[in-house]
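Notes follow once the structure below has been shown.
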Amino acid sequence: MADNQPLEIVIVGLGASGLYASKSALSYNRKCHVTIIEKRDFDQFSPCGLPSVIKGVIKDFEELKYDVPEIKNKLTKLLHHEVVSVDKDKRIVRAFDLTTSEEKEIRYDSLILATGASPINLPIPGAKDLLGKGVYFVSDIENTRALLKAAKSSKKKNAVVVGGGATGLEVAVGLKELGLDVMVTKRTPPPFPRNLDPAMGKIIVEHLKKLGIRVLFGKGIDRINGTQKVESVEIAGETVDCDIVVMAVGMSGNNKLAESIGAKTEKGLVVVNNRMETSVENVYAVGDLVQTYSRIDETPTTMQLATSAYRQGMAAGINAAGGDSPYPGAINTFLTVISGLEIASTGYTLKIAESLGYDAKAISTKREIRPHYMPDVKEINLRVIVDVKDGKILGAQAVGEEGAGWRINIFALAIHGGMTLYDLMDAELSYNPPVSQMYDPISQVAEIGLKRLRLPPKKCEKVFFPSTCSPLRFAPGGMRQLSSKLLLSPTLRCGENQEFETDALRALLNCRNIRRLYKPRS
């Protein structure tokens with residue numbers, strides 16, 4: 001790159017990770033130029049909102065779209081373009097204009113791959129042949145619009161949803177609310193296997209049954225029958241009459257472009273370091289196509305959620321623009337709402353923790369979220385995964401009609417800070433009867449955990465009386481006066497019969513502000 005030329009950054013894909021990569025790059029380095037190449041003919045949309053359109057909460061798919069404005073000489077968008085190849089030696093991206101059939105070459109100094117992921121179609125008879133003829137995905141506006149149209153015109157009024165994750169269950173509820181009879185099936189027994197332990201998963205199953213949804217977890221779909229359209233499915237020897245099948249079994253990273261330039265992959269995901277760099281020089285990868293690392297212990301993990309995608313994009317954008325910023329790792333903090341039931345989790349499940357070698361234990365409780373005398377008191381189910389030796393928090397799960405989401409955010413911060421059950425016991429949480437308990441379920445589950453682990457009460461490391469002269473209350477601006485007094489007197493009286501020990505004050509001299517204040521002048 002010549003000195004008078006801007007740093008050229010090319011981003012392939014305009015999802016959450018690609019968008020925030022562009023924003024961070026332009027914010028960090030004002031001399032860079034960003035080109036975004038996107039196959040869609042419009043800017044962005046929110047995939048997380050797709051089930052809400054099926055349920056009627058959002059009236060139109062167009063409401064999910066939003067624009068990303070171009071910035072003259074800073075940000076260029078190439079919509080309805082598809083990248084066909086990358087020359088990593090010459091650092092050139094070749095893109096095909098799907099409107100004009102023109103091929104373009106775009107030079108880059110840094111390349112960010114944000115190509116996302118595609119829905120998985122099970123390798124069973126009928127699944128591929130009947131795609132779009134009764135078999136549907138919920139991954140973009142086009143295929144979800146097709147599903148909604150089919151549901152509204154369904155003659156059999158029977159639908160089978162394959163998958164027990166957030167998308168599958170939210171769509172199942174939406175189809176039920178449209179008047180269809182709905183069955184949910186998956187080959188393994190518990191729903192949300194990456195997020196919930198089986199004990200918590202049972203609560204979800206009972207909730208679905210109360211909604212009138214038939215649940216066949218542990219019995220996978222074997223075949224989809226039909227010639228021109230779906231007529232039935234076969235599940236564990238049972239033929240189920242239906243004309244709609246929703247495939248919601250997960251997403252597979254779009255890694256072909258990364259593989260074509262030699263980027264290392266594992267289990268179908270692009271391997272990146274904590275700077276979001278691939279194994280290819282000056283090439284970054286972010287979002288649903290990458291294998292990242294756990295914030296808890298740096299083991300490999302994946303997190304195909306928008307909340308990780310945008311953070312990865314921010315790190316990659318800064319680094320591609322010449323910075324040095326780390327992605328802090330993933331703990332898979334997750335939230336969904338299934339017909340009024342909040343389901344949230346963060347960190348490891350017990351099964352995952354044990355598979356990684358932890359001596360872990362799960363602490364569970366069911367508690368009221370408000371005092372008993374308040375009207376409409378609701379309960380919440382909490383489950384915390386901890387390390388037996390010290391009570392360190394490895395994961396948490398919460399299910400309830402109210403308050404599960406914000407409590408899991410507390411646990412997520414606890415994991416981020418390496419906190420233990422002791423720290424949760426010490427945490428001061430807000431309290432007001434219409435909102436919460438004085439002794440919140442978070443504090444209660446921490447107390448239960450300490451007792452079950454037979455950990456001793458927290459030891460008092462330091463005995464002291466409150467002092468108005470505590471070093472903690474002196475802001476940097478007042479430190480010169482404070483430290484001057486220290487230099488003049490070995491012992492200071494802060495009030496009647498109260499000594500302010502000089503060793504605490506002398507510790508202040510080690511801080512950066514004091515050193516700066518007393519630095520000899522030249």
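Ordering of the structure tokens sets the chain letters (A, B, ...); residue numbers start at 1 within each chain; ligands are numbered from 1 in the order shown.
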DSSP strand (DSSP E) residues within region 294-487 of chain A, listed as a PDB file with N, CA and C atoms, in the first residue's frame:
ATOM      1  N   PRO A 300     -11.898 -24.854  22.362  1.00  0.00           N
ATOM      2  CA  PRO A 300     -12.637 -24.529  21.132  1.00  0.00           C
ATOM      3  C   PRO A 300     -14.144 -24.590  21.350  1.00  0.00           C
ATOM      4  N   THR A 301     -14.860 -23.654  20.730  1.00  0.00           N
ATOM      5  CA  THR A 301     -16.315 -23.648  20.811  1.00  0.00           C
ATOM      6  C   THR A 301     -16.869 -22.912  19.606  1.00  0.00           C
ATOM      7  N   PHE A 334     -27.615 -16.989  26.076  1.00  0.00           N
ATOM      8  CA  PHE A 334     -28.715 -17.299  25.150  1.00  0.00           C
ATOM      9  C   PHE A 334     -30.051 -17.006  25.812  1.00  0.00           C
ATOM     10  N   LEU A 335     -31.016 -16.522  25.003  1.00  0.00           N
ATOM     11  CA  LEU A 335     -32.368 -16.267  25.503  1.00  0.00           C
ATOM     12  C   LEU A 335     -33.377 -16.474  24.388  1.00  0.00           C
ATOM     13  N   THR A 336     -34.455 -17.166  24.691  1.00  0.00           N
ATOM     14  CA  THR A 336     -35.586 -17.246  23.788  1.00  0.00           C
ATOM     15  C   THR A 336     -36.860 -17.210  24.620  1.00  0.00           C
ATOM     16  N   VAL A 337     -37.962 -16.889  23.976  1.00  0.00           N
ATOM     17  CA  VAL A 337     -39.261 -16.857  24.647  1.00  0.00           C
ATOM     18  C   VAL A 337     -40.219 -17.736  23.857  1.00  0.00           C
ATOM     19  N   ILE A 338     -40.733 -18.779  24.501  1.00  0.00           N
ATOM     20  CA  ILE A 338     -41.663 -19.714  23.870  1.00  0.00           C
ATOM     21  C   ILE A 338     -43.032 -19.514  24.489  1.00  0.00           C
ATOM     22  N   LEU A 341     -42.882 -18.090  27.970  1.00  0.00           N
ATOM     23  CA  LEU A 341     -41.910 -18.734  28.861  1.00  0.00           C
ATOM     24  C   LEU A 341     -40.503 -18.333  28.447  1.00  0.00           C
ATOM     25  N   GLU A 342     -39.803 -17.631  29.342  1.00  0.00           N
ATOM     26  CA  GLU A 342     -38.422 -17.242  29.076  1.00  0.00           C
ATOM     27  C   GLU A 342     -37.490 -18.420  29.351  1.00  0.00           C
ATOM     28  N   ILE A 343     -36.620 -18.695  28.388  1.00  0.00           N
ATOM     29  CA  ILE A 343     -35.644 -19.780  28.501  1.00  0.00           C
ATOM     30  C   ILE A 343     -34.269 -19.170  28.244  1.00  0.00           C
ATOM     31  N   ALA A 344     -33.393 -19.232  29.224  1.00  0.00           N
ATOM     32  CA  ALA A 344     -32.108 -18.540  29.108  1.00  0.00           C
ATOM     33  C   ALA A 344     -30.990 -19.397  29.692  1.00  0.00           C
ATOM     34  N   SER A 345     -29.794 -19.203  29.176  1.00  0.00           N
ATOM     35  CA  SER A 345     -28.647 -19.948  29.702  1.00  0.00           C
ATOM     36  C   SER A 345     -27.362 -19.227  29.350  1.00  0.00           C
ATOM     37  N   THR A 346     -26.303 -19.596  30.037  1.00  0.00           N
ATOM     38  CA  THR A 346     -24.972 -19.085  29.751  1.00  0.00           C
ATOM     39  C   THR A 346     -23.943 -20.097  30.223  1.00  0.00           C
ATOM     40  N   GLY A 347     -22.793 -20.115  29.574  1.00  0.00           N
ATOM     41  CA  GLY A 347     -21.724 -21.013  30.003  1.00  0.00           C
ATOM     42  C   GLY A 347     -22.001 -22.471  29.669  1.00  0.00           C
ATOM     43  N   ALA A 360     -17.576 -31.102  38.240  1.00  0.00           N
ATOM     44  CA  ALA A 360     -18.653 -30.109  38.305  1.00  0.00           C
ATOM     45  C   ALA A 360     -19.893 -30.670  38.982  1.00  0.00           C
ATOM     46  N   LYS A 361     -20.705 -29.771  39.492  1.00  0.00           N
ATOM     47  CA  LYS A 361     -21.961 -30.150  40.128  1.00  0.00           C
ATOM     48  C   LYS A 361     -23.017 -29.123  39.740  1.00  0.00           C
ATOM     49  N   ALA A 362     -24.251 -29.595  39.587  1.00  0.00           N
ATOM     50  CA  ALA A 362     -25.368 -28.713  39.263  1.00  0.00           C
ATOM     51  C   ALA A 362     -26.178 -28.435  40.522  1.00  0.00           C
ATOM     52  N   ILE A 363     -26.457 -27.168  40.765  1.00  0.00           N
ATOM     53  CA  ILE A 363     -27.268 -26.732  41.905  1.00  0.00           C
ATOM     54  C   ILE A 363     -28.573 -26.163  41.349  1.00  0.00           C
ATOM     55  N   SER A 364     -29.694 -26.731  41.724  1.00  0.00           N
ATOM     56  CA  SER A 364     -30.985 -26.307  41.180  1.00  0.00           C
ATOM     57  C   SER A 364     -31.926 -25.857  42.285  1.00  0.00           C
ATOM     58  N   THR A 365     -32.790 -24.916  41.935  1.00  0.00           N
ATOM     59  CA  THR A 365     -33.824 -24.477  42.867  1.00  0.00           C
ATOM     60  C   THR A 365     -34.983 -23.882  42.082  1.00  0.00           C
ATOM     61  N   LYS A 366     -36.129 -23.858  42.707  1.00  0.00           N
ATOM     62  CA  LYS A 366     -37.326 -23.227  42.139  1.00  0.00           C
ATOM     63  C   LYS A 366     -37.854 -22.253  43.180  1.00  0.00           C
ATOM     64  N   ARG A 367     -37.892 -20.974  42.843  1.00  0.00           N
ATOM     65  CA  ARG A 367     -38.206 -19.941  43.828  1.00  0.00           C
ATOM     66  C   ARG A 367     -39.184 -18.911  43.259  1.00  0.00           C
ATOM     67  N   GLU A 368     -39.902 -18.259  44.161  1.00  0.00           N
ATOM     68  CA  GLU A 368     -40.762 -17.158  43.766  1.00  0.00           C
ATOM     69  C   GLU A 368     -39.912 -15.923  43.486  1.00  0.00           C
ATOM     70  N   GLU A 379     -42.918 -18.081  39.586  1.00  0.00           N
ATOM     71  CA  GLU A 379     -41.731 -18.811  40.024  1.00  0.00           C
ATOM     72  C   GLU A 379     -40.713 -18.879  38.896  1.00  0.00           C
ATOM     73  N   ILE A 380     -39.479 -19.090  39.289  1.00  0.00           N
ATOM     74  CA  ILE A 380     -38.404 -19.254  38.326  1.00  0.00           C
ATOM     75  C   ILE A 380     -37.586 -20.481  38.695  1.00  0.00           C
ATOM     76  N   ASN A 381     -37.187 -21.233  37.694  1.00  0.00           N
ATOM     77  CA  ASN A 381     -36.309 -22.390  37.880  1.00  0.00           C
ATOM     78  C   ASN A 381     -34.881 -21.965  37.562  1.00  0.00           C
ATOM     79  N   LEU A 382     -33.994 -22.115  38.531  1.00  0.00           N
ATOM     80  CA  LEU A 382     -32.583 -21.772  38.344  1.00  0.00           C
ATOM     81  C   LEU A 382     -31.718 -23.012  38.498  1.00  0.00           C
ATOM     82  N   ARG A 383     -30.701 -23.089  37.683  1.00  0.00           N
ATOM     83  CA  ARG A 383     -29.733 -24.191  37.773  1.00  0.00           C
ATOM     84  C   ARG A 383     -28.346 -23.606  37.498  1.00  0.00           C
ATOM     85  N   VAL A 384     -27.443 -23.829  38.418  1.00  0.00           N
ATOM     86  CA  VAL A 384     -26.090 -23.283  38.305  1.00  0.00           C
ATOM     87  C   VAL A 384     -25.087 -24.427  38.270  1.00  0.00           C
ATOM     88  N   ILE A 385     -24.168 -24.359  37.318  1.00  0.00           N
ATOM     89  CA  ILE A 385     -23.105 -25.359  37.201  1.00  0.00           C
ATOM     90  C   ILE A 385     -21.836 -24.776  37.804  1.00  0.00           C
ATOM     91  N   VAL A 386     -21.274 -25.473  38.787  1.00  0.00           N
ATOM     92  CA  VAL A 386     -20.111 -24.937  39.505  1.00  0.00           C
ATOM     93  C   VAL A 386     -18.998 -25.966  39.586  1.00  0.00           C
ATOM     94  N   ASP A 387     -17.790 -25.462  39.766  1.00  0.00           N
ATOM     95  CA  ASP A 387     -16.622 -26.304  40.022  1.00  0.00           C
ATOM     96  C   ASP A 387     -16.648 -26.685  41.499  1.00  0.00           C
ATOM     97  N   ILE A 393     -18.240 -20.428  39.124  1.00  0.00           N
ATOM     98  CA  ILE A 393     -19.417 -20.587  38.273  1.00  0.00           C
ATOM     99  C   ILE A 393     -18.973 -20.913  36.855  1.00  0.00           C
ATOM    100  N   LEU A 394     -19.481 -22.032  36.332  1.00  0.00           N
ATOM    101  CA  LEU A 394     -19.154 -22.486  34.979  1.00  0.00           C
ATOM    102  C   LEU A 394     -20.321 -22.315  34.021  1.00  0.00           C
ATOM    103  N   GLY A 395     -21.529 -22.222  34.554  1.00  0.00           N
ATOM    104  CA  GLY A 395     -22.698 -22.091  33.702  1.00  0.00           C
ATOM    105  C   GLY A 395     -23.940 -21.859  34.532  1.00  0.00           C
ATOM    106  N   ALA A 396     -25.011 -21.459  33.859  1.00  0.00           N
ATOM    107  CA  ALA A 396     -26.281 -21.242  34.557  1.00  0.00           C
ATOM    108  C   ALA A 396     -27.426 -21.351  33.560  1.00  0.00           C
ATOM    109  N   GLN A 397     -28.588 -21.755  34.062  1.00  0.00           N
ATOM    110  CA  GLN A 397     -29.792 -21.900  33.253  1.00  0.00           C
ATOM    111  C   GLN A 397     -30.973 -21.351  34.040  1.00  0.00           C
ATOM    112  N   ALA A 398     -31.895 -20.723  33.337  1.00  0.00           N
ATOM    113  CA  ALA A 398     -33.063 -20.147  33.994  1.00  0.00           C
ATOM    114  C   ALA A 398     -34.280 -20.311  33.099  1.00  0.00           C
ATOM    115  N   VAL A 399     -35.381 -20.759  33.689  1.00  0.00           N
ATOM    116  CA  VAL A 399     -36.636 -20.922  32.955  1.00  0.00           C
ATOM    117  C   VAL A 399     -37.765 -20.377  33.814  1.00  0.00           C
ATOM    118  N   GLY A 400     -38.557 -19.484  33.256  1.00  0.00           N
ATOM    119  CA  GLY A 400     -39.681 -18.925  33.991  1.00  0.00           C
ATOM    120  C   GLY A 400     -40.441 -17.933  33.133  1.00  0.00           C
TER     121      GLY A 400
END
Exercise: Tyr293 (chain A) partners within 12 Å, only C-alpha atoms, chain neighbours under 2 positions left out, as an MDAnalysis selection string: chainID A and resid 271:276 290:291 295:303 308 312 326:332
File of the preceding selection, N, CA, C and O atoms, as a compact mmCIF listing (two decimals), in the first residue's frame:
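For reference, result.txt as written:
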# COMPACT_ATOMS: atom_id res chain seq x y z
N VAL A 271 -11.18 -22.01 11.41
CA VAL A 271 -10.42 -21.82 12.65
C VAL A 271 -9.81 -20.43 12.67
O VAL A 271 -9.12 -20.02 11.72
N VAL A 272 -10.05 -19.70 13.74
CA VAL A 272 -9.48 -18.36 13.91
C VAL A 272 -8.83 -18.25 15.28
O VAL A 272 -9.15 -19.00 16.20
N ASN A 273 -7.92 -17.29 15.41
CA ASN A 273 -7.34 -17.01 16.72
C ASN A 273 -8.16 -15.93 17.41
O ASN A 273 -9.21 -15.51 16.91
N ASN A 274 -7.69 -15.44 18.54
CA ASN A 274 -8.49 -14.47 19.29
C ASN A 274 -8.46 -13.07 18.68
O ASN A 274 -9.14 -12.17 19.17
N ARG A 275 -7.70 -12.89 17.60
CA ARG A 275 -7.77 -11.65 16.82
C ARG A 275 -8.66 -11.83 15.59
O ARG A 275 -8.72 -10.96 14.74
N MET A 276 -9.31 -12.96 15.49
CA MET A 276 -10.19 -13.34 14.38
C MET A 276 -9.42 -13.54 13.07
O MET A 276 -9.99 -13.47 11.98
N VAL A 290 -17.27 -19.53 11.94
CA VAL A 290 -15.99 -19.72 12.60
C VAL A 290 -16.09 -20.60 13.85
O VAL A 290 -17.13 -20.68 14.50
N GLN A 291 -14.98 -21.25 14.13
CA GLN A 291 -14.77 -21.89 15.43
C GLN A 291 -13.99 -20.91 16.28
O GLN A 291 -12.90 -20.47 15.92
N ARG A 295 -14.61 -18.33 26.63
CA ARG A 295 -14.08 -17.31 27.55
C ARG A 295 -13.71 -17.94 28.89
O ARG A 295 -12.89 -17.41 29.64
N ILE A 296 -14.29 -19.09 29.21
CA ILE A 296 -14.06 -19.72 30.51
C ILE A 296 -12.67 -20.33 30.58
O ILE A 296 -11.94 -20.14 31.56
N ASP A 297 -12.28 -21.07 29.54
CA ASP A 297 -11.02 -21.82 29.62
C ASP A 297 -10.26 -21.92 28.30
O ASP A 297 -9.34 -22.72 28.18
N GLU A 298 -10.69 -21.15 27.29
CA GLU A 298 -10.01 -21.07 26.00
C GLU A 298 -10.08 -22.36 25.19
O GLU A 298 -9.32 -22.54 24.23
N THR A 299 -11.01 -23.25 25.51
CA THR A 299 -11.21 -24.44 24.70
C THR A 299 -12.01 -24.07 23.45
O THR A 299 -12.76 -23.09 23.45
N PRO A 300 -11.90 -24.85 22.36
CA PRO A 300 -12.64 -24.53 21.13
C PRO A 300 -14.14 -24.59 21.35
O PRO A 300 -14.65 -25.46 22.06
N THR A 301 -14.86 -23.65 20.73
CA THR A 301 -16.31 -23.65 20.81
C THR A 301 -16.87 -22.91 19.61
O THR A 301 -16.12 -22.31 18.83
N THR A 302 -18.17 -22.95 19.45
CA THR A 302 -18.83 -22.17 18.41
C THR A 302 -20.05 -21.50 19.02
O THR A 302 -20.67 -22.04 19.94
N MET A 303 -20.37 -20.32 18.51
CA MET A 303 -21.53 -19.58 19.02
C MET A 303 -22.17 -18.86 17.84
O MET A 303 -21.74 -17.78 17.44
N SER A 308 -22.51 -12.75 19.54
CA SER A 308 -21.09 -13.03 19.35
C SER A 308 -20.61 -12.51 18.01
O SER A 308 -19.46 -12.06 17.87
N GLN A 312 -17.25 -10.25 17.34
CA GLN A 312 -16.17 -10.75 16.49
C GLN A 312 -15.90 -9.77 15.35
O GLN A 312 -14.75 -9.51 14.99
N PRO A 326 -8.52 -7.89 20.81
CA PRO A 326 -8.90 -9.30 20.94
C PRO A 326 -10.41 -9.48 20.98
O PRO A 326 -11.14 -8.60 21.48
N TYR A 327 -10.88 -10.59 20.49
CA TYR A 327 -12.25 -11.02 20.76
C TYR A 327 -12.23 -11.71 22.13
O TYR A 327 -11.38 -12.57 22.36
N PRO A 328 -13.11 -11.35 23.06
CA PRO A 328 -13.00 -11.84 24.44
C PRO A 328 -13.44 -13.28 24.66
O PRO A 328 -13.36 -13.77 25.77
N GLY A 329 -13.89 -13.96 23.62
CA GLY A 329 -14.32 -15.35 23.79
C GLY A 329 -15.81 -15.44 23.99
O GLY A 329 -16.50 -14.47 24.29
N ALA A 330 -16.34 -16.64 23.84
CA ALA A 330 -17.78 -16.87 23.90
C ALA A 330 -18.16 -17.67 25.14
O ALA A 330 -17.41 -18.56 25.57
N ILE A 331 -19.32 -17.37 25.71
CA ILE A 331 -19.88 -18.21 26.76
C ILE A 331 -21.32 -18.61 26.43
O ILE A 331 -22.03 -19.14 27.26
N ASN A 332 -21.70 -18.36 25.16
CA ASN A 332 -23.00 -18.80 24.64
C ASN A 332 -24.18 -18.33 25.50
O ASN A 332 -25.10 -19.11 25.80
Nearest candidate to Glu38 (chain A) (options A:Gly18, A:Pro51, A:Pro434, A:Gly56; using only C-alpha atoms): A:Gly18
Residues near Glu82 (chain A), cut-off 10 Å, only C-alpha atoms, skip fewer than 3 positions along chain, as a list in words: Val12, Gly13, Ile37, Glu38, Lys39, Arg40, Leu78, Leu79, Ser85, Arg94, Ala95, Phe96, Asp97, Leu98 and Glu103 of chain A
Could you turn the residues from that selection into a file that holds C-alpha atoms, as a PDB file, in the first residue's frame?
ATOM      1  CA  VAL A  12     -17.693 -10.490   2.184  1.00  0.00           C
ATOM      2  CA  GLY A  13     -21.147 -10.620   3.746  1.00  0.00           C
ATOM      3  CA  ILE A  37     -19.859  -7.462  -1.049  1.00  0.00           C
ATOM      4  CA  GLU A  38     -23.304  -8.984  -0.432  1.00  0.00           C
ATOM      5  CA  LYS A  39     -25.223 -11.540  -2.501  1.00  0.00           C
ATOM      6  CA  ARG A  40     -28.644 -10.202  -1.434  1.00  0.00           C
ATOM      7  CA  LEU A  78     -21.748  -4.061  -3.853  1.00  0.00           C
ATOM      8  CA  LEU A  79     -25.210  -5.560  -3.393  1.00  0.00           C
ATOM      9  CA  SER A  85     -12.723 -16.325  -6.261  1.00  0.00           C
ATOM     10  CA  ARG A  94     -13.322 -11.295  -7.993  1.00  0.00           C
ATOM     11  CA  ALA A  95     -17.046 -10.626  -7.703  1.00  0.00           C
ATOM     12  CA  PHE A  96     -19.830 -11.365 -10.172  1.00  0.00           C
ATOM     13  CA  ASP A  97     -22.615  -8.795 -10.569  1.00  0.00           C
ATOM     14  CA  LEU A  98     -25.811 -10.870 -10.512  1.00  0.00           C
ATOM     15  CA  GLU A 103     -17.198  -9.522 -13.243  1.00  0.00           C
TER      16      GLU A 103
END
Spatial neighbours of Gly287 (chain A), 12 Å, only C-alpha atoms, chain gap at least 6 places, as a PyMOL selection string: chain A and resi 12-21+112-117+251-255+269-272+276+302-316+327+330
Store the residues of this selection in a file with C-alpha atoms, as a short mmCIF file (atom, residue, chain, number, x, y, z; two decimals), in the first residue's frame.
data_model
loop_
_atom_site.label_atom_id
_atom_site.label_comp_id
_atom_site.auth_asym_id
_atom_site.auth_seq_id
_atom_site.Cartn_x
_atom_site.Cartn_y
_atom_site.Cartn_z
CA VAL A 12 -17.69 -10.49 2.18
CA GLY A 13 -21.15 -10.62 3.75
CA LEU A 14 -23.42 -8.00 5.26
CA GLY A 15 -24.76 -9.69 8.37
CA ALA A 16 -24.23 -8.51 11.93
CA SER A 17 -20.53 -9.43 11.91
CA GLY A 18 -19.85 -7.82 8.53
CA LEU A 19 -21.70 -4.63 9.48
CA TYR A 20 -19.85 -4.16 12.76
CA ALA A 21 -16.54 -5.04 11.13
CA ILE A 112 -12.83 -10.20 6.22
CA LEU A 113 -14.99 -13.24 5.52
CA ALA A 114 -18.46 -12.86 7.02
CA THR A 115 -20.27 -15.34 4.79
CA GLY A 116 -22.56 -16.66 7.51
CA ALA A 117 -24.18 -20.08 7.57
CA MET A 251 -26.80 -24.21 10.59
CA SER A 252 -23.67 -25.12 8.67
CA GLY A 253 -20.97 -22.50 8.17
CA ASN A 254 -20.48 -21.20 4.61
CA ASN A 255 -16.78 -22.07 4.49
CA LEU A 269 -15.89 -24.26 10.70
CA VAL A 270 -13.07 -21.84 9.93
CA VAL A 271 -10.42 -21.82 12.65
CA VAL A 272 -9.48 -18.36 13.91
CA MET A 276 -10.19 -13.34 14.38
CA THR A 302 -18.83 -22.17 18.41
CA MET A 303 -21.53 -19.58 19.02
CA GLN A 304 -23.81 -18.90 16.06
CA LEU A 305 -25.63 -15.96 17.63
CA ALA A 306 -25.80 -12.28 16.72
CA THR A 307 -24.36 -11.26 20.10
CA SER A 308 -21.09 -13.03 19.35
CA ALA A 309 -21.10 -12.14 15.66
CA TYR A 310 -21.04 -8.40 16.20
CA ARG A 311 -18.27 -8.62 18.83
CA GLN A 312 -16.17 -10.75 16.49
CA GLY A 313 -16.82 -8.25 13.72
CA MET A 314 -15.69 -5.36 15.91
CA ALA A 315 -12.40 -7.10 16.75
CA ALA A 316 -11.75 -8.11 13.13
CA TYR A 327 -12.25 -11.02 20.76
CA ALA A 330 -17.78 -16.87 23.90
#
Residue set, region 39-249 of chain A restricted to alpha helix (DSSP H), as a count of residues only: 43
Separation of CA of Phe45 (chain A) from CA of Asp67 (chain A), in Å and rounded to one decimal: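 According to the coordinates, CA of Phe45 (chain A) and CA of Asp67 (chain A) are separated by 8.7 Å.
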Proximity to Lys256 (chain A) - best of A:Glu428, A:Ala446, A:Val86, A:Gly174, only C-alpha atoms: A:Val86
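Between CA of Leu178 (chain A) and CA of Ile54 (chain A) lies a distance of 8.2 Å.
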For Asp87 (chain A): contacts at 8 Å, only C-alpha atoms, fewer than 5 positions along chain excluded, given as a ChimeraX atom specification: /A:92-93,261
Which of A:Ala320, A:Asp222, A:Phe137, A:Thr167 sits closest to Ile11 (chain A) [using only C-alpha atoms]: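 Comparing A:Ala320, A:Asp222, A:Phe137, A:Thr167 against Ile11 (chain A), the winner is A:Ala320.
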Nearby residues (only C-alpha atoms) at most 10 Å from Lys55 (chain A), same-chain spacing under 3 positions excluded, as a PyMOL selection string: chain A and resi 50-52+58-59+148+170-178+339
Keeping only N, CA and C atoms, take the residues you just selected and write them out as a PDB file, in the first residue's frame.
ATOM      1  N   LEU A  50     -37.674 -13.422  12.317  1.00  0.00           N
ATOM      2  CA  LEU A  50     -38.487 -14.198  11.376  1.00  0.00           C
ATOM      3  C   LEU A  50     -39.645 -14.942  12.045  1.00  0.00           C
ATOM      4  N   PRO A  51     -39.421 -15.664  13.169  1.00  0.00           N
ATOM      5  CA  PRO A  51     -40.551 -16.338  13.810  1.00  0.00           C
ATOM      6  C   PRO A  51     -41.650 -15.380  14.272  1.00  0.00           C
ATOM      7  N   SER A  52     -41.270 -14.141  14.583  1.00  0.00           N
ATOM      8  CA  SER A  52     -42.266 -13.172  15.040  1.00  0.00           C
ATOM      9  C   SER A  52     -43.224 -12.770  13.928  1.00  0.00           C
ATOM     10  N   ILE A  58     -44.975  -9.261  14.307  1.00  0.00           N
ATOM     11  CA  ILE A  58     -44.513  -8.317  13.292  1.00  0.00           C
ATOM     12  C   ILE A  58     -45.367  -8.540  12.050  1.00  0.00           C
ATOM     13  N   LYS A  59     -45.927  -7.472  11.516  1.00  0.00           N
ATOM     14  CA  LYS A  59     -46.941  -7.602  10.478  1.00  0.00           C
ATOM     15  C   LYS A  59     -46.391  -7.927   9.109  1.00  0.00           C
ATOM     16  N   LEU A 148     -44.827 -19.261   5.500  1.00  0.00           N
ATOM     17  CA  LEU A 148     -46.037 -18.591   5.997  1.00  0.00           C
ATOM     18  C   LEU A 148     -47.179 -18.708   4.993  1.00  0.00           C
ATOM     19  N   GLU A 170     -39.926 -21.762  18.383  1.00  0.00           N
ATOM     20  CA  GLU A 170     -40.647 -20.514  18.149  1.00  0.00           C
ATOM     21  C   GLU A 170     -41.560 -20.633  16.925  1.00  0.00           C
ATOM     22  N   VAL A 171     -41.071 -21.296  15.874  1.00  0.00           N
ATOM     23  CA  VAL A 171     -41.890 -21.497  14.683  1.00  0.00           C
ATOM     24  C   VAL A 171     -43.054 -22.435  14.986  1.00  0.00           C
ATOM     25  N   ALA A 172     -42.808 -23.473  15.789  1.00  0.00           N
ATOM     26  CA  ALA A 172     -43.883 -24.404  16.155  1.00  0.00           C
ATOM     27  C   ALA A 172     -45.025 -23.670  16.844  1.00  0.00           C
ATOM     28  N   VAL A 173     -44.684 -22.769  17.755  1.00  0.00           N
ATOM     29  CA  VAL A 173     -45.704 -21.985  18.450  1.00  0.00           C
ATOM     30  C   VAL A 173     -46.443 -21.089  17.451  1.00  0.00           C
ATOM     31  N   GLY A 174     -45.700 -20.484  16.523  1.00  0.00           N
ATOM     32  CA  GLY A 174     -46.322 -19.628  15.532  1.00  0.00           C
ATOM     33  C   GLY A 174     -47.306 -20.376  14.648  1.00  0.00           C
ATOM     34  N   LEU A 175     -46.930 -21.571  14.203  1.00  0.00           N
ATOM     35  CA  LEU A 175     -47.825 -22.382  13.373  1.00  0.00           C
ATOM     36  C   LEU A 175     -49.053 -22.818  14.154  1.00  0.00           C
ATOM     37  N   LYS A 176     -48.857 -23.119  15.433  1.00  0.00           N
ATOM     38  CA  LYS A 176     -49.996 -23.487  16.283  1.00  0.00           C
ATOM     39  C   LYS A 176     -50.964 -22.323  16.399  1.00  0.00           C
ATOM     40  N   GLU A 177     -50.449 -21.122  16.547  1.00  0.00           N
ATOM     41  CA  GLU A 177     -51.296 -19.947  16.665  1.00  0.00           C
ATOM     42  C   GLU A 177     -52.014 -19.621  15.353  1.00  0.00           C
ATOM     43  N   LEU A 178     -51.486 -20.140  14.230  1.00  0.00           N
ATOM     44  CA  LEU A 178     -52.168 -19.981  12.941  1.00  0.00           C
ATOM     45  C   LEU A 178     -53.270 -21.012  12.734  1.00  0.00           C
ATOM     46  N   SER A 339     -43.874 -18.742  23.801  1.00  0.00           N
ATOM     47  CA  SER A 339     -45.241 -18.491  24.258  1.00  0.00           C
ATOM     48  C   SER A 339     -45.274 -18.057  25.728  1.00  0.00           C
TER      49      SER A 339
END
